[in-house]
Amino acid sequence: MKGEYLKLTAYFGERQRAGGRLYADALLDLFGDHELVTSILLRGMAGFGLRHHLRTDQSLSMSQDPPLVAIGVDTADRIQDLLGDLTRLGGRGLFTLERARLASDAIANLALPTEHGAATKLTIYLGRQQKAHRVPAFVAVCGLLHRSGIAGASVLVGVDGTARGQRQRAQFFGGNNDVPAMVIAVATGERVLAVLPQLAALLERPLITVERVRVCKRDGELLARPHLLPAADDQGLGIWQKLMVHTSEAALYHGEPVHRALVRRLRQSPDARGATALRGTWGFHGAHAPHGDKLVQLGRRVPVVTIVIDTPDRVARCFDVVDELTRQRGLVTSEMVPAVLTVGEDLRAGGFRLAQHEF
């Protein structure tokens with residue numbers, strides 16, 4: 001791994017337009033023009049933003065304007081070059097910039113912190129129809145991670161993106177072998193270091209990022225609350241925080257899927273200013289075996305990842321809701337977000353200068 005890498009993430013609505021075209025198309029064109037080493041566009045299933053307008057696949061509004069999440073990863077220099085074009089593109093939504101470490105051809109040589117209790121978020125970018133040992137690569141990866149004692153993993157399938165600088169867009173007709181998917185896993189640094197050589201042997205030229213996180217809950221057990229982060233760094237740059245709640249679509253809270261209850265409760269709370277739920281296709285948490293959609297089943301057992309990003313004080317209060325709704329199931333992590341730009345119809349707050357803070 002050479003140099004510093006950054007991860008740019010945009011949260012916005014599918015109907016949003018830029019210059020007479022869909023914003024999602026313009027943004028992914030931008031990722032392609034800058035030949036980002038990896039990027040992916042994900043379609044959400046439920047969420048709300050600053051205006052607290054609910055978008056959900058349980059209403060007609062979902063077909064009109066579902067939430068979208070676009071993620072792009074590359075060197076700091078390449079991402080910084082892209083930001084100028086992104087600003088000129090316009091658009092409304094929430095934009096985050098996070099530090100990441102990327103391993104590609106030198107995957108087995110990646111160095112990670114291994115102090116006691118440190119956790120790592122491992123994200124593996126794949127082609128959605130890519131194979132490994134004659135099975136879908138994401139199935140093989142989840143099996144390997146589960147056998148290796150990883151705390152959990154969720155597979156999210158994209159509809160657009162780039163792989164090693166090449167645009168890969170889903171088509172109605174065609175195999176879409178290279179359209180990106182991603183596997184998000186969480187483990188200690190020691191376990192990640194142990195599994196990396198096996199991933200290198202399993203996959204052909206894998207693209208993997210690692211980021212530091214805190215595991216707050218696992219299988220309903222409260223392990224730690226989110227980090228107590230300051231509102232700003234020593235230079236006055238704002239610090240933000242992210243919660244990721246990994247559950248199953250079949251996991252219920254008082255008869256309602258946990259992720260739907262979570263979005264609903266947060267939307268009703270004065271402390272939350274946004275949340276997005278993404279449906280996966282395969283995954284596992286804790287000791288449960290990897291699983292996903294089947295042709296014949298009562299209810300879907302696919303994983304769902306719900307993301308909340310806000311200031312540390314608001315995240316601390318939102319965590320009380322998350323804790324209540326994940327008493328029985330769920331993997332919950334927290335991490336620092338060093339730069340956030342929020343753009344609304346009459347609002348522009350924050351920016352892309354990275355805060356500096358060790359936690």
# chains A, B, ... in the order shown; residues from 1 in each chain; ligands from 1

$ closest_atom_pairs --of "stretch 199-301 of chain A" --to "stretch 65-89 of chain A" --cutoff "10 Å" --atoms "only C-alpha atoms" --output "CSV"
residue,atom,partner,partner_atom,distance
A:Thr209,CA,A:Val73,CA,8.6
A:Ala275,CA,A:Pro67,CA,9.8
A:Thr276,CA,A:Pro67,CA,7.2
A:Ala277,CA,A:Pro67,CA,8.6
A:Leu278,CA,A:Val69,CA,8.8

$ residues_around --residues "A:Val213" --least-positions-apart "2" --cutoff "8 Å" --atoms "only C-alpha atoms" --output "PyMOL selection string"
chain A and resi 118-121+211+215+333-336

$ write_last_selection --atoms "N, CA and C atoms" --output "PDB file, in the first residue's frame"
ATOM      1  N   ALA A 118      -8.849  -3.273  19.902  1.00  0.00           N
ATOM      2  CA  ALA A 118      -8.993  -2.485  18.680  1.00  0.00           C
ATOM      3  C   ALA A 118      -9.770  -3.290  17.649  1.00  0.00           C
ATOM      4  N   ALA A 119     -10.663  -2.620  16.940  1.00  0.00           N
ATOM      5  CA  ALA A 119     -11.474  -3.283  15.926  1.00  0.00           C
ATOM      6  C   ALA A 119     -11.214  -2.646  14.573  1.00  0.00           C
ATOM      7  N   THR A 120     -11.428  -3.425  13.515  1.00  0.00           N
ATOM      8  CA  THR A 120     -11.175  -2.980  12.147  1.00  0.00           C
ATOM      9  C   THR A 120     -12.381  -3.306  11.281  1.00  0.00           C
ATOM     10  N   LYS A 121     -12.791  -2.341  10.465  1.00  0.00           N
ATOM     11  CA  LYS A 121     -13.810  -2.592   9.453  1.00  0.00           C
ATOM     12  C   LYS A 121     -13.102  -2.934   8.152  1.00  0.00           C
ATOM     13  N   GLU A 211     -10.542   0.233   7.968  1.00  0.00           N
ATOM     14  CA  GLU A 211     -10.777   1.443   8.742  1.00  0.00           C
ATOM     15  C   GLU A 211     -10.964   1.062  10.207  1.00  0.00           C
ATOM     16  N   VAL A 215     -16.508  -1.673  18.167  1.00  0.00           N
ATOM     17  CA  VAL A 215     -17.681  -2.554  18.237  1.00  0.00           C
ATOM     18  C   VAL A 215     -18.440  -2.192  19.513  1.00  0.00           C
ATOM     19  N   THR A 333     -21.485  -0.730  15.273  1.00  0.00           N
ATOM     20  CA  THR A 333     -20.147  -0.151  15.342  1.00  0.00           C
ATOM     21  C   THR A 333     -20.231   1.370  15.284  1.00  0.00           C
ATOM     22  N   SER A 334     -19.190   2.018  15.798  1.00  0.00           N
ATOM     23  CA  SER A 334     -19.083   3.473  15.684  1.00  0.00           C
ATOM     24  C   SER A 334     -17.699   3.815  15.160  1.00  0.00           C
ATOM     25  N   GLU A 335     -17.606   4.946  14.466  1.00  0.00           N
ATOM     26  CA  GLU A 335     -16.325   5.408  13.947  1.00  0.00           C
ATOM     27  C   GLU A 335     -16.357   6.917  13.764  1.00  0.00           C
ATOM     28  N   MET A 336     -15.179   7.512  13.719  1.00  0.00           N
ATOM     29  CA  MET A 336     -15.071   8.950  13.535  1.00  0.00           C
ATOM     30  C   MET A 336     -15.147   9.303  12.063  1.00  0.00           C
TER      31      MET A 336
END

$ closest_residue --among "A:Arg214, A:His285, A:Arg134, A:Lys242" --to "A:Thr306" --atoms "only C-alpha atoms"
A:Lys242

$ closest_residue --among "A:Ala10, A:Ala24, A:Ile184, A:Leu30" --to "A:Gly283" --atoms "only C-alpha atoms"
A:Ile184

$ closest_residue --among "A:Ala18, A:Ala151, A:Leu50, A:Leu203" --to "A:Leu122" --atoms "only C-alpha atoms"
A:Ala151

$ closest_residue --among "A:Lys7, A:His53, A:Arg273, A:His357" --to "A:Thr123" --atoms "only C-alpha atoms"
A:Lys7

$ select_by_dssp --residues "stretch 81-232 of chain A" --states "strand (DSSP E)" --output "VMD selection string"
chain A and resid 93 to 103 119 to 127 131 to 132 135 to 136 152 to 157 160 to 163 166 to 167 180 to 188 207 to 218 221 to 222

$ residues_around --residues "A:Pro180" --least-positions-apart "4" --cutoff "9 Å" --atoms "only C-alpha atoms" --output "list in words"
Thr38, Ser39, Ile40, Leu41, Tyr125, Leu126, Gly127, Arg128, Gln129, Val157, Gly158, Val159, Asp160, Gly161, Thr162, Ala163, Gln168, Arg169, Ala170 and Asn176 of chain A

$ closest_residue --among "A:Glu4, A:Glu190, A:Gly165, A:His146" --to "A:Asp33" --atoms "only C-alpha atoms"
A:Gly165

$ residues_around --residues "stretch 342-349 of chain A" --least-positions-apart "4" --cutoff "6 Å" --atoms "only C-alpha atoms" --output "VMD selection string"
chain A and resid 92 to 94

$ closest_residue --among "A:Asp310, A:Asp234, A:Glu249, A:Asp323" --to "A:His291" --atoms "only C-alpha atoms"
A:Glu249

$ select_by_dssp --residues "stretch 111-249 of chain A" --states "alpha helix (DSSP H)" --output "PyMOL selection string"
chain A and resi 137-147+189-202

$ write_last_selection --atoms "N, CA, C and O atoms" --output "compact mmCIF listing (two decimals), in the first residue's frame"
# COMPACT_ATOMS: atom_id res chain seq x y z
N ALA A 137 -18.16 -15.26 -5.50
CA ALA A 137 -17.03 -14.84 -4.67
C ALA A 137 -17.50 -14.32 -3.31
O ALA A 137 -16.85 -14.57 -2.29
N PHE A 138 -18.66 -13.61 -3.27
CA PHE A 138 -19.11 -13.08 -1.98
C PHE A 138 -19.50 -14.21 -1.03
O PHE A 138 -19.34 -14.10 0.19
N VAL A 139 -20.03 -15.33 -1.58
CA VAL A 139 -20.35 -16.49 -0.74
C VAL A 139 -19.07 -17.11 -0.20
O VAL A 139 -18.99 -17.45 0.99
N ALA A 140 -18.07 -17.26 -1.06
CA ALA A 140 -16.79 -17.83 -0.62
C ALA A 140 -16.12 -16.94 0.42
O ALA A 140 -15.56 -17.43 1.41
N VAL A 141 -16.18 -15.61 0.22
CA VAL A 141 -15.57 -14.69 1.16
C VAL A 141 -16.27 -14.76 2.51
O VAL A 141 -15.61 -14.83 3.56
N CYS A 142 -17.60 -14.75 2.52
CA CYS A 142 -18.32 -14.82 3.80
C CYS A 142 -18.05 -16.14 4.52
O CYS A 142 -17.91 -16.16 5.75
N GLY A 143 -17.95 -17.23 3.77
CA GLY A 143 -17.61 -18.51 4.39
C GLY A 143 -16.24 -18.47 5.05
O GLY A 143 -16.06 -18.95 6.17
N LEU A 144 -15.27 -17.89 4.35
CA LEU A 144 -13.92 -17.76 4.90
C LEU A 144 -13.92 -16.88 6.14
O LEU A 144 -13.31 -17.23 7.17
N LEU A 145 -14.60 -15.75 6.08
CA LEU A 145 -14.64 -14.83 7.22
C LEU A 145 -15.31 -15.48 8.43
O LEU A 145 -14.86 -15.33 9.57
N HIS A 146 -16.39 -16.22 8.18
CA HIS A 146 -17.10 -16.89 9.28
C HIS A 146 -16.22 -17.93 9.93
O HIS A 146 -16.14 -18.01 11.17
N ARG A 147 -15.53 -18.73 9.13
CA ARG A 147 -14.63 -19.76 9.69
C ARG A 147 -13.46 -19.14 10.44
O ARG A 147 -12.91 -19.76 11.36
N GLY A 189 -8.04 -6.28 14.86
CA GLY A 189 -6.92 -6.15 13.94
C GLY A 189 -6.17 -7.45 13.77
O GLY A 189 -5.72 -7.79 12.66
N GLU A 190 -6.04 -8.22 14.86
CA GLU A 190 -5.34 -9.49 14.78
C GLU A 190 -6.03 -10.46 13.82
O GLU A 190 -5.37 -11.13 13.01
N ARG A 191 -7.36 -10.55 13.91
CA ARG A 191 -8.08 -11.47 13.04
C ARG A 191 -8.03 -11.02 11.59
O ARG A 191 -7.95 -11.84 10.67
N VAL A 192 -8.10 -9.71 11.37
CA VAL A 192 -8.01 -9.21 10.00
C VAL A 192 -6.65 -9.53 9.41
O VAL A 192 -6.54 -9.99 8.26
N LEU A 193 -5.58 -9.31 10.17
CA LEU A 193 -4.25 -9.64 9.68
C LEU A 193 -4.13 -11.12 9.36
O LEU A 193 -3.46 -11.51 8.40
N ALA A 194 -4.78 -11.96 10.17
CA ALA A 194 -4.69 -13.40 9.94
C ALA A 194 -5.44 -13.82 8.68
O ALA A 194 -5.02 -14.76 8.00
N VAL A 195 -6.54 -13.14 8.35
CA VAL A 195 -7.37 -13.58 7.22
C VAL A 195 -6.91 -12.96 5.90
O VAL A 195 -7.24 -13.47 4.83
N LEU A 196 -6.14 -11.88 5.93
CA LEU A 196 -5.74 -11.21 4.69
C LEU A 196 -4.99 -12.13 3.72
O LEU A 196 -5.30 -12.13 2.52
N PRO A 197 -4.00 -12.90 4.17
CA PRO A 197 -3.34 -13.80 3.21
C PRO A 197 -4.29 -14.82 2.59
O PRO A 197 -4.14 -15.18 1.42
N GLN A 198 -5.29 -15.27 3.35
CA GLN A 198 -6.26 -16.22 2.80
C GLN A 198 -7.16 -15.55 1.76
O GLN A 198 -7.54 -16.17 0.75
N LEU A 199 -7.51 -14.29 1.99
CA LEU A 199 -8.28 -13.55 0.99
C LEU A 199 -7.47 -13.36 -0.28
O LEU A 199 -7.99 -13.46 -1.39
N ALA A 200 -6.16 -13.11 -0.12
CA ALA A 200 -5.28 -12.94 -1.27
C ALA A 200 -5.21 -14.23 -2.10
O ALA A 200 -5.13 -14.19 -3.33
N ALA A 201 -5.26 -15.37 -1.41
CA ALA A 201 -5.22 -16.65 -2.13
C ALA A 201 -6.56 -16.98 -2.76
O ALA A 201 -6.62 -17.65 -3.79
N LEU A 202 -7.65 -16.52 -2.15
CA LEU A 202 -8.99 -16.85 -2.63
C LEU A 202 -9.40 -16.01 -3.84
O LEU A 202 -10.04 -16.51 -4.77

$ residues_around --residues "A:Pro312" --least-positions-apart "2" --cutoff "8 Å" --atoms "only C-alpha atoms" --output "PyMOL selection string"
chain A and resi 228-231+239-241+310+314-316

$ write_last_selection --atoms "N, CA and C atoms" --output "compact mmCIF listing (two decimals), in the first residue's frame"
# COMPACT_ATOMS: atom_id res chain seq x y z
N LEU A 228 -16.35 8.86 22.98
CA LEU A 228 -16.67 10.23 23.41
C LEU A 228 -15.75 11.17 22.64
N LEU A 229 -16.22 11.69 21.53
CA LEU A 229 -15.42 12.54 20.67
C LEU A 229 -15.74 14.00 20.92
N PRO A 230 -14.76 14.89 20.75
CA PRO A 230 -15.05 16.33 20.86
C PRO A 230 -15.83 16.82 19.66
N ALA A 231 -16.44 17.99 19.78
CA ALA A 231 -17.20 18.57 18.68
C ALA A 231 -16.29 19.05 17.56
N ILE A 239 -15.91 17.60 13.99
CA ILE A 239 -15.77 16.14 14.04
C ILE A 239 -17.16 15.53 14.06
N TRP A 240 -17.37 14.53 13.23
CA TRP A 240 -18.64 13.84 13.14
C TRP A 240 -18.44 12.37 13.48
N GLN A 241 -19.54 11.68 13.64
CA GLN A 241 -19.48 10.28 14.06
C GLN A 241 -20.50 9.47 13.28
N ASP A 310 -23.86 11.89 12.33
CA ASP A 310 -24.23 13.16 12.96
C ASP A 310 -23.09 13.62 13.87
N ARG A 314 -25.13 14.30 19.25
CA ARG A 314 -26.38 13.75 18.74
C ARG A 314 -26.29 12.23 18.59
N VAL A 315 -25.14 11.72 18.14
CA VAL A 315 -24.96 10.28 18.00
C VAL A 315 -25.08 9.60 19.36
N ALA A 316 -24.52 10.24 20.41
CA ALA A 316 -24.61 9.66 21.75
C ALA A 316 -26.06 9.49 22.17

$ residues_around --residues "A:Ala261" --least-positions-apart "4" --cutoff "12 Å" --atoms "only C-alpha atoms" --output "number ranges by chain"
A: 46-47, 56, 247, 249, 251-257, 265-268, 275, 277, 306, 321-322, 324-326

$ decode --residues "stretch 126-273 of chain A" --atoms "C-alpha atoms" --output "PDB file, in the first residue's frame"
ATOM      1  CA  LEU A 126     -15.889  -7.577  -5.796  1.00  0.00           C
ATOM      2  CA  GLY A 127     -17.681  -8.125  -9.080  1.00  0.00           C
ATOM      3  CA  ARG A 128     -21.231  -9.169  -8.266  1.00  0.00           C
ATOM      4  CA  GLN A 129     -20.979 -12.299 -10.459  1.00  0.00           C
ATOM      5  CA  GLN A 130     -17.303 -12.945  -9.748  1.00  0.00           C
ATOM      6  CA  LYS A 131     -16.510 -16.569  -8.888  1.00  0.00           C
ATOM      7  CA  ALA A 132     -14.132 -18.160  -6.397  1.00  0.00           C
ATOM      8  CA  HIS A 133     -13.786 -21.944  -6.352  1.00  0.00           C
ATOM      9  CA  ARG A 134     -16.863 -22.208  -8.632  1.00  0.00           C
ATOM     10  CA  VAL A 135     -19.197 -20.357  -6.251  1.00  0.00           C
ATOM     11  CA  PRO A 136     -20.039 -16.646  -6.084  1.00  0.00           C
ATOM     12  CA  ALA A 137     -17.031 -14.835  -4.667  1.00  0.00           C
ATOM     13  CA  PHE A 138     -19.111 -13.082  -1.983  1.00  0.00           C
ATOM     14  CA  VAL A 139     -20.354 -16.487  -0.745  1.00  0.00           C
ATOM     15  CA  ALA A 140     -16.786 -17.831  -0.622  1.00  0.00           C
ATOM     16  CA  VAL A 141     -15.567 -14.687   1.162  1.00  0.00           C
ATOM     17  CA  CYS A 142     -18.323 -14.822   3.795  1.00  0.00           C
ATOM     18  CA  GLY A 143     -17.609 -18.506   4.395  1.00  0.00           C
ATOM     19  CA  LEU A 144     -13.921 -17.763   4.901  1.00  0.00           C
ATOM     20  CA  LEU A 145     -14.636 -14.830   7.224  1.00  0.00           C
ATOM     21  CA  HIS A 146     -17.102 -16.886   9.280  1.00  0.00           C
ATOM     22  CA  ARG A 147     -14.635 -19.761   9.686  1.00  0.00           C
ATOM     23  CA  SER A 148     -11.962 -17.247  10.703  1.00  0.00           C
ATOM     24  CA  GLY A 149     -13.988 -15.934  13.645  1.00  0.00           C
ATOM     25  CA  ILE A 150     -14.909 -12.570  12.134  1.00  0.00           C
ATOM     26  CA  ALA A 151     -17.700 -10.844  14.102  1.00  0.00           C
ATOM     27  CA  GLY A 152     -19.967 -10.344  11.080  1.00  0.00           C
ATOM     28  CA  ALA A 153     -20.192  -9.527   7.387  1.00  0.00           C
ATOM     29  CA  SER A 154     -22.823  -8.068   5.042  1.00  0.00           C
ATOM     30  CA  VAL A 155     -22.860  -8.219   1.230  1.00  0.00           C
ATOM     31  CA  LEU A 156     -24.251  -5.169  -0.598  1.00  0.00           C
ATOM     32  CA  VAL A 157     -24.771  -5.283  -4.366  1.00  0.00           C
ATOM     33  CA  GLY A 158     -24.281  -2.134  -6.437  1.00  0.00           C
ATOM     34  CA  VAL A 159     -25.873  -0.930  -9.665  1.00  0.00           C
ATOM     35  CA  ASP A 160     -22.909   1.121 -10.917  1.00  0.00           C
ATOM     36  CA  GLY A 161     -19.298   1.859 -10.088  1.00  0.00           C
ATOM     37  CA  THR A 162     -15.670   1.518 -11.071  1.00  0.00           C
ATOM     38  CA  ALA A 163     -13.115  -1.252 -10.610  1.00  0.00           C
ATOM     39  CA  ARG A 164      -9.439  -0.351 -11.009  1.00  0.00           C
ATOM     40  CA  GLY A 165     -10.462   2.785 -12.889  1.00  0.00           C
ATOM     41  CA  GLN A 166     -12.865   1.080 -15.317  1.00  0.00           C
ATOM     42  CA  ARG A 167     -16.577   1.995 -15.259  1.00  0.00           C
ATOM     43  CA  GLN A 168     -18.842  -0.988 -14.594  1.00  0.00           C
ATOM     44  CA  ARG A 169     -22.531  -0.233 -14.988  1.00  0.00           C
ATOM     45  CA  ALA A 170     -25.422  -2.689 -14.650  1.00  0.00           C
ATOM     46  CA  GLN A 171     -27.323  -3.426 -17.873  1.00  0.00           C
ATOM     47  CA  PHE A 172     -30.833  -4.848 -18.249  1.00  0.00           C
ATOM     48  CA  PHE A 173     -29.481  -7.495 -20.620  1.00  0.00           C
ATOM     49  CA  GLY A 174     -26.123  -9.072 -19.818  1.00  0.00           C
ATOM     50  CA  GLY A 175     -24.313 -10.954 -17.111  1.00  0.00           C
ATOM     51  CA  ASN A 176     -23.104  -7.832 -15.248  1.00  0.00           C
ATOM     52  CA  ASN A 177     -20.180  -9.896 -13.991  1.00  0.00           C
ATOM     53  CA  ASP A 178     -18.024  -6.901 -13.110  1.00  0.00           C
ATOM     54  CA  VAL A 179     -20.671  -4.578 -11.678  1.00  0.00           C
ATOM     55  CA  PRO A 180     -19.415  -3.957  -8.142  1.00  0.00           C
ATOM     56  CA  ALA A 181     -20.540  -5.496  -4.887  1.00  0.00           C
ATOM     57  CA  MET A 182     -19.006  -5.017  -1.474  1.00  0.00           C
ATOM     58  CA  VAL A 183     -18.546  -7.154   1.628  1.00  0.00           C
ATOM     59  CA  ILE A 184     -18.381  -5.224   4.908  1.00  0.00           C
ATOM     60  CA  ALA A 185     -16.885  -7.154   7.824  1.00  0.00           C
ATOM     61  CA  VAL A 186     -15.809  -6.281  11.360  1.00  0.00           C
ATOM     62  CA  ALA A 187     -13.099  -7.929  13.453  1.00  0.00           C
ATOM     63  CA  THR A 188     -10.105  -7.256  15.671  1.00  0.00           C
ATOM     64  CA  GLY A 189      -6.921  -6.150  13.944  1.00  0.00           C
ATOM     65  CA  GLU A 190      -5.338  -9.492  14.782  1.00  0.00           C
ATOM     66  CA  ARG A 191      -8.079 -11.471  13.037  1.00  0.00           C
ATOM     67  CA  VAL A 192      -8.006  -9.208  10.003  1.00  0.00           C
ATOM     68  CA  LEU A 193      -4.247  -9.636   9.681  1.00  0.00           C
ATOM     69  CA  ALA A 194      -4.687 -13.397   9.939  1.00  0.00           C
ATOM     70  CA  VAL A 195      -7.367 -13.575   7.222  1.00  0.00           C
ATOM     71  CA  LEU A 196      -5.739 -11.215   4.692  1.00  0.00           C
ATOM     72  CA  PRO A 197      -3.341 -13.802   3.214  1.00  0.00           C
ATOM     73  CA  GLN A 198      -6.263 -16.221   2.803  1.00  0.00           C
ATOM     74  CA  LEU A 199      -8.278 -13.547   0.993  1.00  0.00           C
ATOM     75  CA  ALA A 200      -5.279 -12.944  -1.271  1.00  0.00           C
ATOM     76  CA  ALA A 201      -5.220 -16.647  -2.126  1.00  0.00           C
ATOM     77  CA  LEU A 202      -8.986 -16.848  -2.633  1.00  0.00           C
ATOM     78  CA  LEU A 203      -9.498 -13.793  -4.845  1.00  0.00           C
ATOM     79  CA  GLU A 204      -7.819 -12.502  -7.973  1.00  0.00           C
ATOM     80  CA  ARG A 205      -6.354  -9.021  -7.391  1.00  0.00           C
ATOM     81  CA  PRO A 206      -8.780  -8.079  -4.593  1.00  0.00           C
ATOM     82  CA  LEU A 207      -9.528  -4.465  -3.661  1.00  0.00           C
ATOM     83  CA  ILE A 208      -9.799  -4.080   0.107  1.00  0.00           C
ATOM     84  CA  THR A 209      -9.994  -1.131   2.489  1.00  0.00           C
ATOM     85  CA  VAL A 210      -9.535  -1.161   6.256  1.00  0.00           C
ATOM     86  CA  GLU A 211     -10.777   1.443   8.742  1.00  0.00           C
ATOM     87  CA  ARG A 212     -10.664   1.670  12.507  1.00  0.00           C
ATOM     88  CA  VAL A 213     -14.002   1.234  14.337  1.00  0.00           C
ATOM     89  CA  ARG A 214     -15.360   0.436  17.778  1.00  0.00           C
ATOM     90  CA  VAL A 215     -17.681  -2.554  18.237  1.00  0.00           C
ATOM     91  CA  CYS A 216     -20.472  -1.262  20.483  1.00  0.00           C
ATOM     92  CA  LYS A 217     -22.839  -4.252  20.410  1.00  0.00           C
ATOM     93  CA  ARG A 218     -22.683  -7.850  19.237  1.00  0.00           C
ATOM     94  CA  ASP A 219     -25.708 -10.179  19.240  1.00  0.00           C
ATOM     95  CA  GLY A 220     -27.602  -7.798  21.508  1.00  0.00           C
ATOM     96  CA  GLU A 221     -24.820  -7.533  24.096  1.00  0.00           C
ATOM     97  CA  LEU A 222     -23.651  -4.014  24.944  1.00  0.00           C
ATOM     98  CA  LEU A 223     -19.855  -4.003  24.797  1.00  0.00           C
ATOM     99  CA  ALA A 224     -19.125  -0.258  24.749  1.00  0.00           C
ATOM    100  CA  ARG A 225     -20.843   3.004  23.921  1.00  0.00           C
ATOM    101  CA  PRO A 226     -19.602   5.071  20.960  1.00  0.00           C
ATOM    102  CA  HIS A 227     -16.357   6.974  21.458  1.00  0.00           C
ATOM    103  CA  LEU A 228     -16.669  10.227  23.405  1.00  0.00           C
ATOM    104  CA  LEU A 229     -15.416  12.540  20.670  1.00  0.00           C
ATOM    105  CA  PRO A 230     -15.048  16.328  20.864  1.00  0.00           C
ATOM    106  CA  ALA A 231     -17.197  18.567  18.677  1.00  0.00           C
ATOM    107  CA  ALA A 232     -14.116  19.903  16.881  1.00  0.00           C
ATOM    108  CA  ASP A 233     -10.364  19.367  16.659  1.00  0.00           C
ATOM    109  CA  ASP A 234      -7.653  21.768  17.871  1.00  0.00           C
ATOM    110  CA  GLN A 235      -8.015  23.786  14.650  1.00  0.00           C
ATOM    111  CA  GLY A 236     -11.775  24.194  15.065  1.00  0.00           C
ATOM    112  CA  LEU A 237     -12.677  21.719  12.302  1.00  0.00           C
ATOM    113  CA  GLY A 238     -15.867  19.813  13.045  1.00  0.00           C
ATOM    114  CA  ILE A 239     -15.767  16.144  14.036  1.00  0.00           C
ATOM    115  CA  TRP A 240     -18.640  13.842  13.136  1.00  0.00           C
ATOM    116  CA  GLN A 241     -19.477  10.283  14.056  1.00  0.00           C
ATOM    117  CA  LYS A 242     -21.038   7.302  12.276  1.00  0.00           C
ATOM    118  CA  LEU A 243     -23.077   4.395  13.598  1.00  0.00           C
ATOM    119  CA  MET A 244     -23.524   1.279  11.473  1.00  0.00           C
ATOM    120  CA  VAL A 245     -26.215  -1.130  12.637  1.00  0.00           C
ATOM    121  CA  HIS A 246     -26.012  -4.608  11.053  1.00  0.00           C
ATOM    122  CA  THR A 247     -29.218  -6.612  11.429  1.00  0.00           C
ATOM    123  CA  SER A 248     -31.339  -9.056   9.441  1.00  0.00           C
ATOM    124  CA  GLU A 249     -34.517  -8.193   7.562  1.00  0.00           C
ATOM    125  CA  ALA A 250     -36.150 -11.003   9.546  1.00  0.00           C
ATOM    126  CA  ALA A 251     -35.070  -9.555  12.930  1.00  0.00           C
ATOM    127  CA  LEU A 252     -38.098  -7.979  14.629  1.00  0.00           C
ATOM    128  CA  TYR A 253     -38.731  -5.433  17.357  1.00  0.00           C
ATOM    129  CA  HIS A 254     -42.305  -5.722  18.663  1.00  0.00           C
ATOM    130  CA  GLY A 255     -43.351  -7.301  15.368  1.00  0.00           C
ATOM    131  CA  GLU A 256     -41.652  -4.703  13.144  1.00  0.00           C
ATOM    132  CA  PRO A 257     -38.350  -5.250  11.299  1.00  0.00           C
ATOM    133  CA  VAL A 258     -35.590  -3.704  13.401  1.00  0.00           C
ATOM    134  CA  HIS A 259     -34.296  -1.461  10.615  1.00  0.00           C
ATOM    135  CA  ARG A 260     -37.760  -0.042   9.925  1.00  0.00           C
ATOM    136  CA  ALA A 261     -38.381   0.545  13.617  1.00  0.00           C
ATOM    137  CA  LEU A 262     -34.972   2.191  13.854  1.00  0.00           C
ATOM    138  CA  VAL A 263     -35.599   4.577  10.932  1.00  0.00           C
ATOM    139  CA  ARG A 264     -39.069   5.386  12.273  1.00  0.00           C
ATOM    140  CA  ARG A 265     -37.899   6.047  15.843  1.00  0.00           C
ATOM    141  CA  LEU A 266     -34.918   8.129  14.761  1.00  0.00           C
ATOM    142  CA  ARG A 267     -37.107  10.154  12.403  1.00  0.00           C
ATOM    143  CA  GLN A 268     -39.399  10.934  15.340  1.00  0.00           C
ATOM    144  CA  SER A 269     -36.449  11.943  17.529  1.00  0.00           C
ATOM    145  CA  PRO A 270     -35.280  15.581  17.706  1.00  0.00           C
ATOM    146  CA  ASP A 271     -31.700  14.302  17.946  1.00  0.00           C
ATOM    147  CA  ALA A 272     -31.424  12.507  14.572  1.00  0.00           C
ATOM    148  CA  ARG A 273     -31.010  14.413  11.313  1.00  0.00           C
TER     149      ARG A 273
END
